[in-house]
Amino acid sequence: MKQTKTVPQIELIKEFFVDNPLRDIHHPEVVDWVTTEYKKRTGEIFRDPDRAIRSLSQKGFLIKIAKGVYRYDPNFVMNRELEDFTPVQKKAIMERDGYRCVICGRGREDGVELHVDHIKAKDLGGKATIDNGQTLCAQHNFKKKNYKQTETGKKMFIRLYEYAKSIDDIETMRFCAEILEVFEKNGVNGHIEWKK
């Protein structure tokens with residue numbers, strides 16, 4: 001028999017995390033509970049719990065610990081500072097960066113739209129500070145937001161390069177250097193520094 005009680009889906013996810021504070025909770029545990037509970041309370045199917053969980057993380061209600069792992073910390077939520085740059089901060093960041101994209105060097109005079117970007121993303125705890133800001137053209141801001149796996153890849157090859165260097169493994173160092181030079185040549189993830 002179909003229930004008639006209305007339950008906002010996002011509120012059900014919040015309920016789960018509030019009842020389980022300060023725990024690093026893996027995605028499947030949350031999804032299993034909310035889909036079962038939603039069905040029990042409403043008789044309906046919870047269509048996209050993944051999106052709702054991501055949304056709560058992006059809004060600062062949840063802390064993303066790792067891929068698919070979230071934590072609710074009441075103190076973090078209550079003490080969370082505003083994460084967006086103020087107009088004064090944006091101006092200071094753009095002035096510092098010479099009103100040019102820090103990756104490709106293009107600016108407004110080249111006909112590109114400039115954005116002020118969080119180096120460490122807001123949903124990963126990045127703060128709205130001048131030190132955590134950078135000027136990116138629209139193209140590189142889009143790439144950064146949508147291709148985070150390239151950041152992971154670049155960091156992995158930097159770590160492998162450093163390890164190979166520490167054990168004097170010239171062949172692996174050369175291999176990593178070739179890959180890292182491709183990142184640099186194509187202006188990908190220029191905010192992650194690599195020193196040969």
# chains A, B, ... in the order shown; residues from 1 in each chain; ligands from 1
>>> residues_around(residues="Tyr38 in chain A", least_positions_apart="6", cutoff="9 Å", atoms="only C-alpha atoms", output="ChimeraX atom specification")
/A:7,9,12,44-46
>>> write_last_selection(atoms="C-alpha atoms", output="PDB file, in the first residue's frame")
ATOM      1  CA  VAL A   7       9.530  13.584   2.751  1.00  0.00           C
ATOM      2  CA  GLN A   9      14.804  13.738  -0.193  1.00  0.00           C
ATOM      3  CA  LEU A  12      16.280  12.521   4.621  1.00  0.00           C
ATOM      4  CA  GLU A  44       8.234   6.102  -3.740  1.00  0.00           C
ATOM      5  CA  ILE A  45      11.691   5.409  -5.194  1.00  0.00           C
ATOM      6  CA  PHE A  46      14.531   7.782  -4.293  1.00  0.00           C
TER       7      PHE A  46
END
>>> select_by_dssp(residues="range 5-185 of chain A", states="strand (DSSP E or B)", output="list in words")
Ile25, His26, Ile63, Lys64, Ile65, Ala66, Val69, Tyr70, Arg71, Arg100, Gly107, Leu114, His115, Val116, Asp117, His118, Gly133, Gln134, Thr135, Leu136 and Cys137 of chain A
>>> residues_around(residues="range 155-161 of chain A", least_positions_apart="4", cutoff="10 Å", atoms="only C-alpha atoms", output="list in words")
Gln149, Thr150, Glu151, Lys165, Ser166, Asp169, Ile170, Thr172, Met173, Arg174, Phe175, Cys176, Ala177, Ile179, Leu180, Asn189, Ile192, Glu193, Trp194, Lys195 and Lys196 of chain A
>>> select_by_dssp(residues="range 68-194 of chain A", states="alpha helix (DSSP H)", output="ChimeraX atom specification")
/A:74-79,87-96,138-146,148-166,170-185
>>> residues_around(residues="Val18 in chain A", least_positions_apart="2", cutoff="9 Å", atoms="only C-alpha atoms", output="PyMOL selection string")
chain A and resi 13-16+20-21+72-74
>>> write_last_selection(atoms="N, CA and C atoms", output="mmCIF file, in the first residue's frame")
data_model
loop_
_atom_site.group_PDB
_atom_site.id
_atom_site.type_symbol
_atom_site.label_atom_id
_atom_site.label_comp_id
_atom_site.auth_asym_id
_atom_site.auth_seq_id
_atom_site.Cartn_x
_atom_site.Cartn_y
_atom_site.Cartn_z
ATOM 1 N N ILE A 13 18.532 12.698 3.725
ATOM 2 C CA ILE A 13 19.994 12.504 3.751
ATOM 3 C C ILE A 13 20.583 13.272 4.930
ATOM 4 N N LYS A 14 20.118 14.489 5.149
ATOM 5 C CA LYS A 14 20.589 15.265 6.302
ATOM 6 C C LYS A 14 20.289 14.518 7.595
ATOM 7 N N GLU A 15 19.095 13.981 7.694
ATOM 8 C CA GLU A 15 18.702 13.227 8.894
ATOM 9 C C GLU A 15 19.681 12.093 9.174
ATOM 10 N N PHE A 16 20.039 11.349 8.112
ATOM 11 C CA PHE A 16 20.979 10.234 8.278
ATOM 12 C C PHE A 16 22.306 10.715 8.839
ATOM 13 N N ASN A 20 24.372 10.398 12.583
ATOM 14 C CA ASN A 20 25.672 9.710 12.558
ATOM 15 C C ASN A 20 26.809 10.725 12.463
ATOM 16 N N PRO A 21 26.911 11.624 13.456
ATOM 17 C CA PRO A 21 27.931 12.676 13.356
ATOM 18 C C PRO A 21 29.344 12.136 13.557
ATOM 19 N N TYR A 72 29.739 14.222 8.572
ATOM 20 C CA TYR A 72 28.986 15.369 9.087
ATOM 21 C C TYR A 72 29.615 15.773 10.409
ATOM 22 N N ASP A 73 30.062 17.026 10.494
ATOM 23 C CA ASP A 73 30.651 17.569 11.709
ATOM 24 C C ASP A 73 29.839 18.801 12.077
ATOM 25 N N PRO A 74 29.017 18.716 13.140
ATOM 26 C CA PRO A 74 28.167 19.865 13.500
ATOM 27 C C PRO A 74 28.962 21.147 13.718
#
>>> closest_residue(among="A:Lys185, A:Lys154, A:Arg23, A:His191", to="Lys64 in chain A", atoms="only C-alpha atoms")
A:Arg23
>>> closest_residue(among="A:Gly153, A:Pro8, A:Ala128, A:Ile53", to="Arg41 in chain A", atoms="only C-alpha atoms")
A:Pro8
>>> residues_around(residues="Val69 in chain A", least_positions_apart="5", cutoff="10 Å", atoms="only C-alpha atoms", output="PyMOL selection string")
chain A and resi 23-30+62-64
>>> write_last_selection(atoms="N, CA and C atoms", output="tab-separated table (two decimals), in the first residue's frame")
chain	number	residue	atom	x	y	z
A	23	ARG	N	31.44	10.60	11.83
A	23	ARG	CA	31.83	9.30	11.28
A	23	ARG	C	32.18	9.47	9.82
A	24	ASP	N	33.25	8.81	9.37
A	24	ASP	CA	33.56	8.78	7.94
A	24	ASP	C	32.70	7.69	7.33
A	25	ILE	N	31.70	8.11	6.57
A	25	ILE	CA	30.69	7.18	6.08
A	25	ILE	C	30.85	6.97	4.59
A	26	HIS	N	30.96	5.71	4.20
A	26	HIS	CA	31.10	5.37	2.79
A	26	HIS	C	29.75	5.49	2.09
A	27	HIS	N	29.82	5.96	0.89
A	27	HIS	CA	28.67	6.24	0.05
A	27	HIS	C	27.61	5.13	0.06
A	28	PRO	N	27.97	3.83	-0.13
A	28	PRO	CA	26.94	2.79	-0.18
A	28	PRO	C	26.07	2.71	1.09
A	29	GLU	N	26.67	2.97	2.25
A	29	GLU	CA	25.89	2.92	3.49
A	29	GLU	C	24.80	3.97	3.49
A	30	VAL	N	25.15	5.18	3.03
A	30	VAL	CA	24.18	6.27	2.97
A	30	VAL	C	23.07	5.93	1.97
A	62	LEU	N	28.28	18.73	4.38
A	62	LEU	CA	29.10	17.53	4.58
A	62	LEU	C	30.54	17.83	4.22
A	63	ILE	N	31.45	17.11	4.84
A	63	ILE	CA	32.86	17.20	4.50
A	63	ILE	C	33.21	15.98	3.66
A	64	LYS	N	33.77	16.22	2.48
A	64	LYS	CA	34.20	15.10	1.64
A	64	LYS	C	35.58	14.67	2.11
>>> decode(residues="range 112-141 of chain A", atoms="N, CA and C atoms", output="compact mmCIF listing (two decimals), in the first residue's frame")
# COMPACT_ATOMS: atom_id res chain seq x y z
N VAL A 112 39.63 36.87 -23.80
CA VAL A 112 39.18 35.76 -22.96
C VAL A 112 38.54 36.29 -21.68
N GLU A 113 37.58 35.54 -21.21
CA GLU A 113 36.91 35.85 -19.94
C GLU A 113 37.77 35.31 -18.80
N LEU A 114 37.99 36.12 -17.78
CA LEU A 114 38.80 35.69 -16.63
C LEU A 114 37.92 35.39 -15.43
N HIS A 115 38.31 34.35 -14.69
CA HIS A 115 37.62 33.96 -13.47
C HIS A 115 38.61 33.95 -12.32
N VAL A 116 38.12 34.17 -11.12
CA VAL A 116 38.93 33.96 -9.92
C VAL A 116 38.52 32.60 -9.36
N ASP A 117 39.50 31.73 -9.22
CA ASP A 117 39.26 30.32 -8.90
C ASP A 117 39.90 29.96 -7.57
N HIS A 118 39.26 29.05 -6.83
CA HIS A 118 39.87 28.49 -5.62
C HIS A 118 40.90 27.45 -6.06
N ILE A 119 42.15 27.57 -5.60
CA ILE A 119 43.18 26.58 -5.92
C ILE A 119 42.78 25.25 -5.29
N LYS A 120 42.53 25.26 -3.99
CA LYS A 120 41.94 24.10 -3.32
C LYS A 120 40.45 24.33 -3.35
N ALA A 121 39.71 23.44 -3.97
CA ALA A 121 38.29 23.63 -4.22
C ALA A 121 37.49 23.83 -2.94
N LYS A 122 36.40 24.60 -3.04
CA LYS A 122 35.53 24.84 -1.90
C LYS A 122 35.00 23.54 -1.30
N ASP A 123 34.58 22.61 -2.18
CA ASP A 123 34.00 21.37 -1.65
C ASP A 123 35.04 20.44 -1.03
N LEU A 124 36.31 20.80 -1.13
CA LEU A 124 37.36 20.05 -0.45
C LEU A 124 37.91 20.84 0.73
N GLY A 125 37.19 21.88 1.13
CA GLY A 125 37.61 22.67 2.30
C GLY A 125 38.42 23.91 1.98
N GLY A 126 38.57 24.24 0.69
CA GLY A 126 39.34 25.42 0.31
C GLY A 126 38.67 26.70 0.79
N LYS A 127 39.46 27.57 1.36
CA LYS A 127 38.94 28.83 1.92
C LYS A 127 39.02 29.96 0.90
N ALA A 128 38.21 30.98 1.15
CA ALA A 128 38.21 32.17 0.30
C ALA A 128 39.27 33.13 0.82
N THR A 129 40.53 32.79 0.54
CA THR A 129 41.65 33.65 0.92
C THR A 129 42.41 34.01 -0.35
N ILE A 130 43.12 35.12 -0.31
CA ILE A 130 43.88 35.55 -1.49
C ILE A 130 44.92 34.49 -1.86
N ASP A 131 45.55 33.88 -0.85
CA ASP A 131 46.55 32.84 -1.12
C ASP A 131 45.95 31.61 -1.80
N ASN A 132 44.65 31.35 -1.58
CA ASN A 132 44.00 30.20 -2.19
C ASN A 132 43.28 30.58 -3.48
N GLY A 133 43.55 31.77 -3.98
CA GLY A 133 42.90 32.21 -5.21
C GLY A 133 43.88 32.30 -6.36
N GLN A 134 43.37 32.13 -7.56
CA GLN A 134 44.18 32.27 -8.77
C GLN A 134 43.29 32.75 -9.90
N THR A 135 43.90 33.43 -10.86
CA THR A 135 43.18 33.90 -12.03
C THR A 135 43.29 32.84 -13.12
N LEU A 136 42.14 32.42 -13.64
CA LEU A 136 42.11 31.45 -14.74
C LEU A 136 41.23 32.00 -15.85
N CYS A 137 41.59 31.68 -17.08
CA CYS A 137 40.68 31.98 -18.19
C CYS A 137 39.51 31.00 -18.09
N ALA A 138 38.42 31.33 -18.75
CA ALA A 138 37.23 30.47 -18.68
C ALA A 138 37.56 29.05 -19.12
N GLN A 139 38.39 28.90 -20.16
CA GLN A 139 38.73 27.57 -20.68
C GLN A 139 39.46 26.74 -19.63
N HIS A 140 40.47 27.31 -18.97
CA HIS A 140 41.23 26.53 -17.99
C HIS A 140 40.45 26.33 -16.69
N ASN A 141 39.57 27.27 -16.36
CA ASN A 141 38.70 27.06 -15.20
C ASN A 141 37.76 25.89 -15.46
